[in-house]
$ cat upload-v6.txt   # compact mmCIF, N, CA, C and O atoms
# COMPACT_ATOMS: atom_id res chain seq x y z
N MET W 1 77.42 27.57 9.64
CA MET W 1 78.14 26.33 9.73
C MET W 1 77.30 25.25 9.06
O MET W 1 76.19 24.95 9.49
N PRO W 2 77.79 24.65 7.99
CA PRO W 2 77.01 23.62 7.29
C PRO W 2 77.02 22.29 8.06
O PRO W 2 78.00 21.92 8.69
N PHE W 3 75.89 21.61 8.01
CA PHE W 3 75.77 20.31 8.64
C PHE W 3 75.77 19.24 7.56
O PHE W 3 75.29 19.47 6.45
N PRO W 4 76.27 18.04 7.87
CA PRO W 4 76.28 16.98 6.87
C PRO W 4 74.86 16.56 6.52
O PRO W 4 73.95 16.62 7.35
N THR W 5 74.69 16.13 5.30
CA THR W 5 73.40 15.65 4.84
C THR W 5 73.34 14.15 5.06
O THR W 5 74.26 13.43 4.68
N LEU W 6 72.27 13.69 5.68
CA LEU W 6 72.07 12.27 5.92
C LEU W 6 70.84 11.79 5.18
O LEU W 6 69.81 12.48 5.16
N ALA W 7 70.94 10.61 4.60
CA ALA W 7 69.77 10.00 3.97
C ALA W 7 68.77 9.65 5.05
O ALA W 7 69.12 9.45 6.22
N ALA W 8 67.50 9.56 4.68
CA ALA W 8 66.45 9.24 5.65
C ALA W 8 66.74 7.92 6.36
O ALA W 8 66.55 7.80 7.58
N SER W 9 67.24 6.94 5.65
CA SER W 9 67.53 5.64 6.27
C SER W 9 68.65 5.77 7.31
O SER W 9 68.62 5.10 8.34
N GLU W 10 69.62 6.63 7.05
CA GLU W 10 70.70 6.85 8.03
C GLU W 10 70.16 7.53 9.30
O GLU W 10 70.55 7.18 10.41
N ARG W 11 69.27 8.50 9.12
CA ARG W 11 68.67 9.19 10.27
C ARG W 11 67.87 8.22 11.12
O ARG W 11 67.97 8.22 12.34
N VAL W 12 67.08 7.35 10.47
CA VAL W 12 66.29 6.37 11.20
C VAL W 12 67.20 5.40 11.95
O VAL W 12 66.95 5.06 13.11
N ALA W 13 68.27 4.96 11.31
CA ALA W 13 69.21 4.03 11.96
C ALA W 13 69.85 4.65 13.20
O ALA W 13 70.06 3.97 14.20
N LEU W 14 70.15 5.93 13.14
CA LEU W 14 70.76 6.62 14.28
C LEU W 14 69.79 6.76 15.46
O LEU W 14 70.22 6.99 16.59
N LEU W 15 68.50 6.63 15.21
CA LEU W 15 67.50 6.74 16.27
C LEU W 15 67.25 5.42 17.00
O LEU W 15 66.56 5.40 18.02
N GLU W 16 67.82 4.35 16.51
CA GLU W 16 67.66 3.05 17.16
C GLU W 16 68.34 3.07 18.52
O GLU W 16 69.45 3.57 18.65
N PRO W 17 67.68 2.50 19.53
CA PRO W 17 68.33 2.45 20.85
C PRO W 17 69.62 1.64 20.77
O PRO W 17 69.68 0.64 20.05
N PRO W 18 70.63 2.05 21.50
CA PRO W 18 71.89 1.32 21.47
C PRO W 18 71.74 -0.04 22.16
O PRO W 18 70.88 -0.23 23.02
N THR W 19 72.60 -0.96 21.77
CA THR W 19 72.62 -2.26 22.43
C THR W 19 73.93 -2.35 23.22
O THR W 19 74.94 -1.76 22.85
N GLY W 20 73.88 -3.07 24.32
CA GLY W 20 75.08 -3.21 25.14
C GLY W 20 75.35 -1.97 25.96
O GLY W 20 74.52 -1.07 26.10
N VAL W 21 76.54 -1.92 26.51
CA VAL W 21 76.96 -0.81 27.36
C VAL W 21 77.32 0.39 26.48
O VAL W 21 78.04 0.26 25.49
N VAL W 22 76.83 1.55 26.87
CA VAL W 22 77.06 2.79 26.12
C VAL W 22 78.17 3.58 26.82
O VAL W 22 78.10 3.81 28.03
N ASP W 23 79.19 3.97 26.07
CA ASP W 23 80.26 4.83 26.59
C ASP W 23 79.80 6.28 26.53
O ASP W 23 79.33 6.74 25.48
N ILE W 24 79.93 7.00 27.66
CA ILE W 24 79.52 8.40 27.69
C ILE W 24 80.54 9.26 28.43
O ILE W 24 81.34 8.75 29.22
N VAL W 25 80.50 10.54 28.15
CA VAL W 25 81.19 11.58 28.90
C VAL W 25 80.09 12.53 29.35
O VAL W 25 79.22 12.90 28.57
N ILE W 26 80.12 12.91 30.62
CA ILE W 26 79.08 13.80 31.15
C ILE W 26 79.65 15.20 31.32
O ILE W 26 80.69 15.38 31.96
N ASP W 27 78.98 16.17 30.73
CA ASP W 27 79.32 17.59 30.86
C ASP W 27 78.16 18.21 31.63
O ASP W 27 77.04 18.25 31.12
N THR W 28 78.41 18.67 32.86
CA THR W 28 77.30 19.00 33.74
C THR W 28 77.54 20.22 34.62
O THR W 28 78.64 20.43 35.10
N ASP W 29 76.49 20.97 34.83
CA ASP W 29 76.54 22.08 35.81
C ASP W 29 75.85 21.59 37.09
O ASP W 29 74.80 22.07 37.49
N THR W 30 76.48 20.63 37.74
CA THR W 30 75.88 19.92 38.88
C THR W 30 75.43 20.81 40.03
O THR W 30 74.53 20.44 40.76
N TYR W 31 76.05 21.95 40.22
CA TYR W 31 75.67 22.81 41.35
C TYR W 31 74.46 23.68 41.01
O TYR W 31 73.83 24.23 41.88
N ASN W 32 74.12 23.79 39.76
CA ASN W 32 73.06 24.68 39.31
C ASN W 32 71.69 24.23 39.77
O ASN W 32 70.93 25.01 40.34
N GLU W 33 71.34 22.97 39.52
CA GLU W 33 70.04 22.43 39.90
C GLU W 33 70.22 20.98 40.34
O GLU W 33 71.18 20.32 39.97
N ILE W 34 69.27 20.45 41.06
CA ILE W 34 69.39 19.12 41.66
C ILE W 34 69.33 17.98 40.64
O ILE W 34 69.83 16.89 40.90
N ASP W 35 68.76 18.19 39.47
CA ASP W 35 68.59 17.08 38.52
C ASP W 35 69.92 16.48 38.06
O ASP W 35 70.00 15.27 37.80
N ASP W 36 70.96 17.28 37.96
CA ASP W 36 72.24 16.76 37.48
C ASP W 36 72.89 15.79 38.46
O ASP W 36 73.52 14.81 38.06
N GLN W 37 72.73 16.02 39.75
CA GLN W 37 73.28 15.09 40.73
C GLN W 37 72.63 13.71 40.55
O GLN W 37 73.32 12.69 40.60
N PHE W 38 71.33 13.68 40.33
CA PHE W 38 70.63 12.42 40.10
C PHE W 38 71.11 11.75 38.81
O PHE W 38 71.32 10.54 38.78
N ALA W 39 71.27 12.53 37.75
CA ALA W 39 71.69 11.96 36.47
C ALA W 39 73.10 11.37 36.56
O ALA W 39 73.36 10.26 36.07
N VAL W 40 74.01 12.10 37.19
CA VAL W 40 75.39 11.61 37.33
C VAL W 40 75.40 10.34 38.19
O VAL W 40 76.03 9.34 37.84
N THR W 41 74.68 10.38 39.31
CA THR W 41 74.64 9.22 40.20
C THR W 41 74.03 8.02 39.50
O THR W 41 74.55 6.90 39.58
N TYR W 42 72.93 8.22 38.79
CA TYR W 42 72.28 7.12 38.07
C TYR W 42 73.25 6.50 37.06
O TYR W 42 73.38 5.28 36.97
N ALA W 43 73.93 7.35 36.32
CA ALA W 43 74.87 6.84 35.31
C ALA W 43 75.99 6.03 35.97
O ALA W 43 76.35 4.95 35.49
N LEU W 44 76.53 6.54 37.06
CA LEU W 44 77.63 5.85 37.73
C LEU W 44 77.19 4.55 38.40
O LEU W 44 77.99 3.62 38.54
N LEU W 45 75.93 4.47 38.80
CA LEU W 45 75.42 3.26 39.44
C LEU W 45 74.75 2.30 38.46
O LEU W 45 74.10 1.35 38.89
N SER W 46 74.93 2.53 37.16
CA SER W 46 74.33 1.68 36.13
C SER W 46 75.39 1.12 35.19
O SER W 46 75.28 1.25 33.96
N PRO W 47 76.44 0.47 35.72
CA PRO W 47 77.52 -0.01 34.85
C PRO W 47 77.09 -1.09 33.86
O PRO W 47 77.77 -1.31 32.86
N GLU W 48 75.96 -1.73 34.11
CA GLU W 48 75.48 -2.73 33.17
C GLU W 48 74.93 -2.11 31.89
O GLU W 48 74.77 -2.79 30.88
N ARG W 49 74.65 -0.79 31.93
CA ARG W 49 74.12 -0.09 30.75
C ARG W 49 74.99 1.07 30.29
O ARG W 49 74.98 1.44 29.13
N ILE W 50 75.71 1.68 31.26
CA ILE W 50 76.44 2.92 30.96
C ILE W 50 77.87 2.82 31.50
O ILE W 50 78.08 2.48 32.65
N HIS W 51 78.83 3.18 30.65
CA HIS W 51 80.23 3.30 31.07
C HIS W 51 80.60 4.77 31.00
O HIS W 51 80.74 5.34 29.91
N VAL W 52 80.72 5.41 32.16
CA VAL W 52 81.07 6.83 32.22
C VAL W 52 82.58 6.94 32.13
O VAL W 52 83.30 6.47 33.00
N GLU W 53 83.06 7.57 31.07
CA GLU W 53 84.50 7.72 30.85
C GLU W 53 85.07 8.91 31.60
O GLU W 53 86.22 8.89 32.02
N ALA W 54 84.26 9.97 31.76
CA ALA W 54 84.73 11.17 32.45
C ALA W 54 83.53 12.06 32.77
O ALA W 54 82.47 11.93 32.16
N VAL W 55 83.74 12.95 33.75
CA VAL W 55 82.74 13.96 34.09
C VAL W 55 83.43 15.31 34.06
O VAL W 55 84.49 15.48 34.65
N TYR W 56 82.82 16.25 33.35
CA TYR W 56 83.36 17.61 33.22
C TYR W 56 82.40 18.61 33.85
O TYR W 56 81.19 18.52 33.65
N ALA W 57 82.93 19.56 34.60
CA ALA W 57 82.11 20.61 35.19
C ALA W 57 81.85 21.69 34.14
O ALA W 57 82.77 22.20 33.51
N ALA W 58 80.59 22.04 34.00
CA ALA W 58 80.18 23.07 33.03
C ALA W 58 79.91 24.39 33.75
O ALA W 58 79.48 24.40 34.91
N PRO W 59 80.13 25.50 33.07
CA PRO W 59 79.85 26.80 33.68
C PRO W 59 78.34 27.08 33.72
O PRO W 59 77.58 26.53 32.93
N PHE W 60 77.95 27.90 34.67
CA PHE W 60 76.59 28.45 34.69
C PHE W 60 76.65 29.77 35.42
O PHE W 60 77.60 30.06 36.13
N HIS W 61 75.62 30.59 35.22
CA HIS W 61 75.56 31.88 35.91
C HIS W 61 74.11 32.19 36.22
O HIS W 61 73.27 32.28 35.33
N ASN W 62 73.82 32.30 37.50
CA ASN W 62 72.51 32.72 37.98
C ASN W 62 72.69 33.26 39.40
O ASN W 62 73.81 33.63 39.77
N ASP W 63 71.64 33.27 40.21
CA ASP W 63 71.77 33.83 41.55
C ASP W 63 72.59 32.95 42.49
O ASP W 63 72.89 33.36 43.61
N ARG W 64 73.00 31.76 42.04
CA ARG W 64 73.83 30.87 42.87
C ARG W 64 75.32 30.99 42.52
O ARG W 64 76.14 30.28 43.08
N SER W 65 75.65 31.84 41.54
CA SER W 65 77.05 31.99 41.16
C SER W 65 77.36 33.43 40.79
O SER W 65 76.47 34.18 40.39
N ALA W 66 78.64 33.78 40.88
CA ALA W 66 79.07 35.13 40.55
C ALA W 66 79.35 35.29 39.06
O ALA W 66 79.58 36.40 38.59
N GLY W 67 79.36 34.21 38.32
CA GLY W 67 79.65 34.24 36.89
C GLY W 67 79.97 32.84 36.41
O GLY W 67 79.99 31.88 37.20
N PRO W 68 80.23 32.66 35.11
CA PRO W 68 80.48 31.32 34.58
C PRO W 68 81.65 30.60 35.25
O PRO W 68 81.55 29.40 35.53
N ALA W 69 82.73 31.29 35.53
CA ALA W 69 83.90 30.64 36.16
C ALA W 69 83.55 30.15 37.57
O ALA W 69 83.88 29.03 37.95
N ASP W 70 82.86 30.98 38.33
CA ASP W 70 82.44 30.60 39.68
C ASP W 70 81.45 29.43 39.62
O ASP W 70 81.54 28.48 40.40
N GLY W 71 80.52 29.48 38.67
CA GLY W 71 79.56 28.38 38.50
C GLY W 71 80.26 27.08 38.16
O GLY W 71 79.92 26.02 38.69
N MET W 72 81.25 27.13 37.27
CA MET W 72 81.99 25.92 36.91
C MET W 72 82.71 25.36 38.12
O MET W 72 82.67 24.15 38.38
N ARG W 73 83.37 26.23 38.90
CA ARG W 73 84.10 25.75 40.08
C ARG W 73 83.15 25.13 41.11
O ARG W 73 83.46 24.12 41.72
N LYS W 74 81.99 25.74 41.30
CA LYS W 74 81.01 25.18 42.22
C LYS W 74 80.50 23.83 41.71
O LYS W 74 80.30 22.90 42.49
N SER W 75 80.31 23.70 40.40
CA SER W 75 79.90 22.43 39.83
C SER W 75 80.99 21.38 39.99
O SER W 75 80.70 20.22 40.29
N TYR W 76 82.24 21.77 39.81
CA TYR W 76 83.34 20.83 39.99
C TYR W 76 83.40 20.34 41.44
O TYR W 76 83.53 19.14 41.68
N ASP W 77 83.25 21.25 42.38
CA ASP W 77 83.25 20.86 43.79
C ASP W 77 82.08 19.92 44.08
O ASP W 77 82.22 18.97 44.87
N GLU W 78 80.94 20.16 43.46
CA GLU W 78 79.78 19.28 43.65
C GLU W 78 80.05 17.89 43.06
O GLU W 78 79.67 16.88 43.65
N ILE W 79 80.71 17.83 41.92
CA ILE W 79 81.10 16.54 41.33
C ILE W 79 82.01 15.79 42.30
O ILE W 79 81.84 14.59 42.52
N LEU W 80 82.97 16.49 42.88
CA LEU W 80 83.87 15.86 43.85
C LEU W 80 83.10 15.32 45.05
O LEU W 80 83.40 14.23 45.55
N ARG W 81 82.10 16.07 45.53
CA ARG W 81 81.28 15.61 46.66
C ARG W 81 80.52 14.33 46.29
O ARG W 81 80.45 13.38 47.07
N LEU W 82 79.93 14.33 45.08
CA LEU W 82 79.19 13.13 44.64
C LEU W 82 80.11 11.92 44.57
O LEU W 82 79.77 10.83 45.04
N LEU W 83 81.28 12.11 43.96
CA LEU W 83 82.21 10.99 43.81
C LEU W 83 82.68 10.48 45.17
O LEU W 83 82.81 9.26 45.37
N ALA W 84 82.90 11.38 46.12
CA ALA W 84 83.32 10.97 47.46
C ALA W 84 82.24 10.11 48.11
O ALA W 84 82.53 9.08 48.72
N ARG W 85 80.99 10.52 47.96
CA ARG W 85 79.88 9.75 48.56
C ARG W 85 79.72 8.40 47.89
O ARG W 85 79.24 7.45 48.51
N LEU W 86 80.11 8.31 46.63
CA LEU W 86 80.02 7.04 45.90
C LEU W 86 81.28 6.21 46.04
O LEU W 86 81.37 5.11 45.47
N GLY W 87 82.28 6.73 46.74
CA GLY W 87 83.52 6.00 46.93
C GLY W 87 84.34 5.88 45.66
O GLY W 87 85.08 4.91 45.47
N ARG W 88 84.24 6.87 44.79
CA ARG W 88 84.95 6.83 43.51
C ARG W 88 86.00 7.94 43.47
O ARG W 88 85.73 9.09 43.79
N SER W 89 87.19 7.60 43.03
CA SER W 89 88.27 8.57 42.94
C SER W 89 88.03 9.53 41.76
O SER W 89 87.66 9.10 40.67
N PRO W 90 88.30 10.83 41.96
CA PRO W 90 88.17 11.78 40.87
C PRO W 90 89.39 11.83 39.95
O PRO W 90 89.35 12.43 38.88
N GLU W 91 90.48 11.19 40.38
CA GLU W 91 91.74 11.25 39.62
C GLU W 91 91.56 10.75 38.19
O GLU W 91 91.15 9.61 37.98
N GLY W 92 91.86 11.61 37.22
CA GLY W 92 91.75 11.25 35.81
C GLY W 92 90.33 11.03 35.34
O GLY W 92 90.10 10.59 34.22
N PHE W 93 89.35 11.35 36.18
CA PHE W 93 87.95 11.10 35.86
C PHE W 93 87.11 12.38 35.89
O PHE W 93 86.30 12.61 35.02
N ALA W 94 87.30 13.21 36.94
CA ALA W 94 86.56 14.46 37.07
C ALA W 94 87.46 15.61 36.62
O ALA W 94 88.63 15.67 37.00
N HIS W 95 86.90 16.50 35.80
CA HIS W 95 87.70 17.57 35.22
C HIS W 95 86.97 18.89 35.31
O HIS W 95 85.75 18.95 35.18
N GLN W 96 87.74 19.96 35.51
CA GLN W 96 87.17 21.30 35.44
C GLN W 96 86.93 21.63 33.98
O GLN W 96 87.66 21.21 33.10
N GLY W 97 85.87 22.41 33.75
CA GLY W 97 85.52 22.78 32.39
C GLY W 97 85.86 24.23 32.08
O GLY W 97 86.69 24.85 32.75
N ALA W 98 85.18 24.76 31.10
CA ALA W 98 85.41 26.13 30.65
C ALA W 98 85.02 27.12 31.73
O ALA W 98 84.09 26.90 32.50
N THR W 99 85.72 28.23 31.77
CA THR W 99 85.43 29.28 32.75
C THR W 99 84.71 30.48 32.11
O THR W 99 84.47 31.48 32.77
N GLU W 100 84.40 30.34 30.84
CA GLU W 100 83.66 31.41 30.15
C GLU W 100 82.80 30.78 29.07
O GLU W 100 82.95 29.61 28.73
N TRP W 101 81.88 31.57 28.53
CA TRP W 101 80.99 31.08 27.47
C TRP W 101 81.75 31.01 26.15
O TRP W 101 82.72 31.74 25.94
N LEU W 102 81.27 30.17 25.26
CA LEU W 102 81.84 30.13 23.91
C LEU W 102 81.57 31.45 23.21
O LEU W 102 80.42 31.89 23.15
N PRO W 103 82.59 32.09 22.65
CA PRO W 103 82.35 33.35 21.96
C PRO W 103 81.67 33.13 20.60
O PRO W 103 80.96 34.03 20.12
N ALA W 104 81.86 31.95 20.00
CA ALA W 104 81.25 31.64 18.71
C ALA W 104 81.30 30.13 18.52
O ALA W 104 82.13 29.45 19.14
N PRO W 105 80.43 29.58 17.67
CA PRO W 105 80.41 28.12 17.48
C PRO W 105 81.75 27.52 17.04
O PRO W 105 82.03 26.38 17.35
N ASP W 106 82.56 28.30 16.36
CA ASP W 106 83.83 27.78 15.86
C ASP W 106 85.03 28.24 16.70
O ASP W 106 86.18 28.13 16.28
N GLN W 107 84.77 28.75 17.91
CA GLN W 107 85.84 29.23 18.78
C GLN W 107 85.75 28.53 20.14
O GLN W 107 85.11 29.02 21.06
N PRO W 108 86.41 27.37 20.29
CA PRO W 108 86.35 26.67 21.57
C PRO W 108 87.03 27.44 22.69
O PRO W 108 87.89 28.28 22.44
N VAL W 109 86.62 27.15 23.91
CA VAL W 109 87.20 27.77 25.09
C VAL W 109 87.93 26.69 25.85
O VAL W 109 87.40 25.64 26.12
$ encode --input "upload-v6.txt" --output "structure tokens"
Amino acid sequence: MPFPTLAASERVALLEPPTGVVDIVIDTDTYNEIDDQFAVTYALLSPERIHVEAVYAAPFHNDRSAGPADGMRKSYDEILRLLARLGRSPEGFAHQGATEWLPAPDQPV
């Protein structure tokens, strides 16, 4: 898969810290490890710097899940728990993600 070529000046410009509020979408395996709960909570409690447009549950597979689909569902449930504790509605904001791994870079799931 070819990547676009950027001039050195363009690469340097892209490394500049953003100014103002940054719009983001979070794709997270929140049930996998504790760091994601902190990251999601920090982002949601920092509206002066970050505008979270949506949160998507990502798949994972380890000893805490039966496979990618189970990991994604557990992460989605964890997102719902976080939002409930923060008093935020999940409607139109929290979404289930892929239930399997990408088979190839050009084949979305």
$ atom_distance --input "upload-v6.txt" --atom1 "atom CA of W:Tyr42" --atom2 "atom C of W:Leu83"
13.0 Å
$ select_by_dssp --input "upload-v6.txt" --residues "chain W" --states "helix (DSSP H, G or I)" --output "PyMOL selection string"
chain W and resi 8-14+35-44+68-85
$ atom_distance --input "upload-v6.txt" --atom1 "atom CA of W:Arg11" --atom2 "atom CA of W:Val55"
28.1 Å
$ atom_distance --input "upload-v6.txt" --atom1 "atom CA of W:Ala57" --atom2 "atom CA of W:His95"
6.4 Å
$ residues_around --input "upload-v6.txt" --residues "W:Glu78" --least-positions-apart "4" --cutoff "8 Å" --atoms "only C-alpha atoms" --output "PDB file with N, CA, C and O atoms, in the frame of the given file"
ATOM      1  N   THR W  30      76.480  20.630  37.740  1.00  0.00           N
ATOM      2  CA  THR W  30      75.880  19.920  38.880  1.00  0.00           C
ATOM      3  C   THR W  30      75.430  20.810  40.030  1.00  0.00           C
ATOM      4  O   THR W  30      74.530  20.440  40.760  1.00  0.00           O
ATOM      5  N   TYR W  31      76.050  21.950  40.220  1.00  0.00           N
ATOM      6  CA  TYR W  31      75.670  22.810  41.350  1.00  0.00           C
ATOM      7  C   TYR W  31      74.460  23.680  41.010  1.00  0.00           C
ATOM      8  O   TYR W  31      73.830  24.230  41.880  1.00  0.00           O
ATOM      9  N   LYS W  74      81.990  25.740  41.300  1.00  0.00           N
ATOM     10  CA  LYS W  74      81.010  25.180  42.220  1.00  0.00           C
ATOM     11  C   LYS W  74      80.500  23.830  41.710  1.00  0.00           C
ATOM     12  O   LYS W  74      80.300  22.900  42.490  1.00  0.00           O
ATOM     13  N   LEU W  82      79.930  14.330  45.080  1.00  0.00           N
ATOM     14  CA  LEU W  82      79.190  13.130  44.640  1.00  0.00           C
ATOM     15  C   LEU W  82      80.110  11.920  44.570  1.00  0.00           C
ATOM     16  O   LEU W  82      79.770  10.830  45.040  1.00  0.00           O
TER      17      LEU W  82
END
$ axis_aligned_box --input "upload-v6.txt" --around "stretch 75-84 of chain W" --padding-each-side "5 Å" --output "JSON"
{"center_x": 81.5, "center_y": 16.4, "center_z": 44.3, "size_x": 14.7, "size_y": 24.6, "size_z": 18.9}
$ residues_around --input "upload-v6.txt" --residues "stretch 46-52 of chain W" --least-positions-apart "6" --cutoff "6 Å" --atoms "only N, CA, C and O atoms" --output "VMD selection string"
chain W and resid 20 to 25
$ write_last_selection --input "upload-v6.txt" --atoms "N, CA, C and O atoms" --output "compact mmCIF listing (two decimals), in the frame of the given file"
# COMPACT_ATOMS: atom_id res chain seq x y z
N GLY W 20 73.88 -3.07 24.32
CA GLY W 20 75.08 -3.21 25.14
C GLY W 20 75.35 -1.97 25.96
O GLY W 20 74.52 -1.07 26.10
N VAL W 21 76.54 -1.92 26.51
CA VAL W 21 76.96 -0.81 27.36
C VAL W 21 77.32 0.39 26.48
O VAL W 21 78.04 0.26 25.49
N VAL W 22 76.83 1.55 26.87
CA VAL W 22 77.06 2.79 26.12
C VAL W 22 78.17 3.58 26.82
O VAL W 22 78.10 3.81 28.03
N ASP W 23 79.19 3.97 26.07
CA ASP W 23 80.26 4.83 26.59
C ASP W 23 79.80 6.28 26.53
O ASP W 23 79.33 6.74 25.48
N ILE W 24 79.93 7.00 27.66
CA ILE W 24 79.52 8.40 27.69
C ILE W 24 80.54 9.26 28.43
O ILE W 24 81.34 8.75 29.22
N VAL W 25 80.50 10.54 28.15
CA VAL W 25 81.19 11.58 28.90
C VAL W 25 80.09 12.53 29.35
O VAL W 25 79.22 12.90 28.57
$ residues_around --input "upload-v6.txt" --residues "stretch 1-6 of chain W" --least-positions-apart "4" --cutoff "12 Å" --atoms "only C-alpha atoms" --output "JSON, numbers by chain"
{"W": [10, 11, 12, 13, 14, 104, 105, 106]}
$ closest_residue --input "upload-v6.txt" --among "W:Ile79, W:Ile34, W:Ala84, W:Asp27" --to "W:Ala54" --atoms "only N, CA, C and O atoms"
W:Asp27
$ select_by_dssp --input "upload-v6.txt" --residues "chain W" --states "strand (DSSP E or B)" --output "MDAnalysis selection string"
chainID W and resid 22:28 50:57 94:95 104 107
$ residues_around --input "upload-v6.txt" --residues "stretch 59-72 of chain W" --least-positions-apart "6" --cutoff "9 Å" --atoms "only C-alpha atoms" --output "list in words"
Thr28, Asp29, Thr30, Tyr31, Asn32, Gln96, Gly97, Ala98, Thr99, Glu100 and Trp101 of chain W
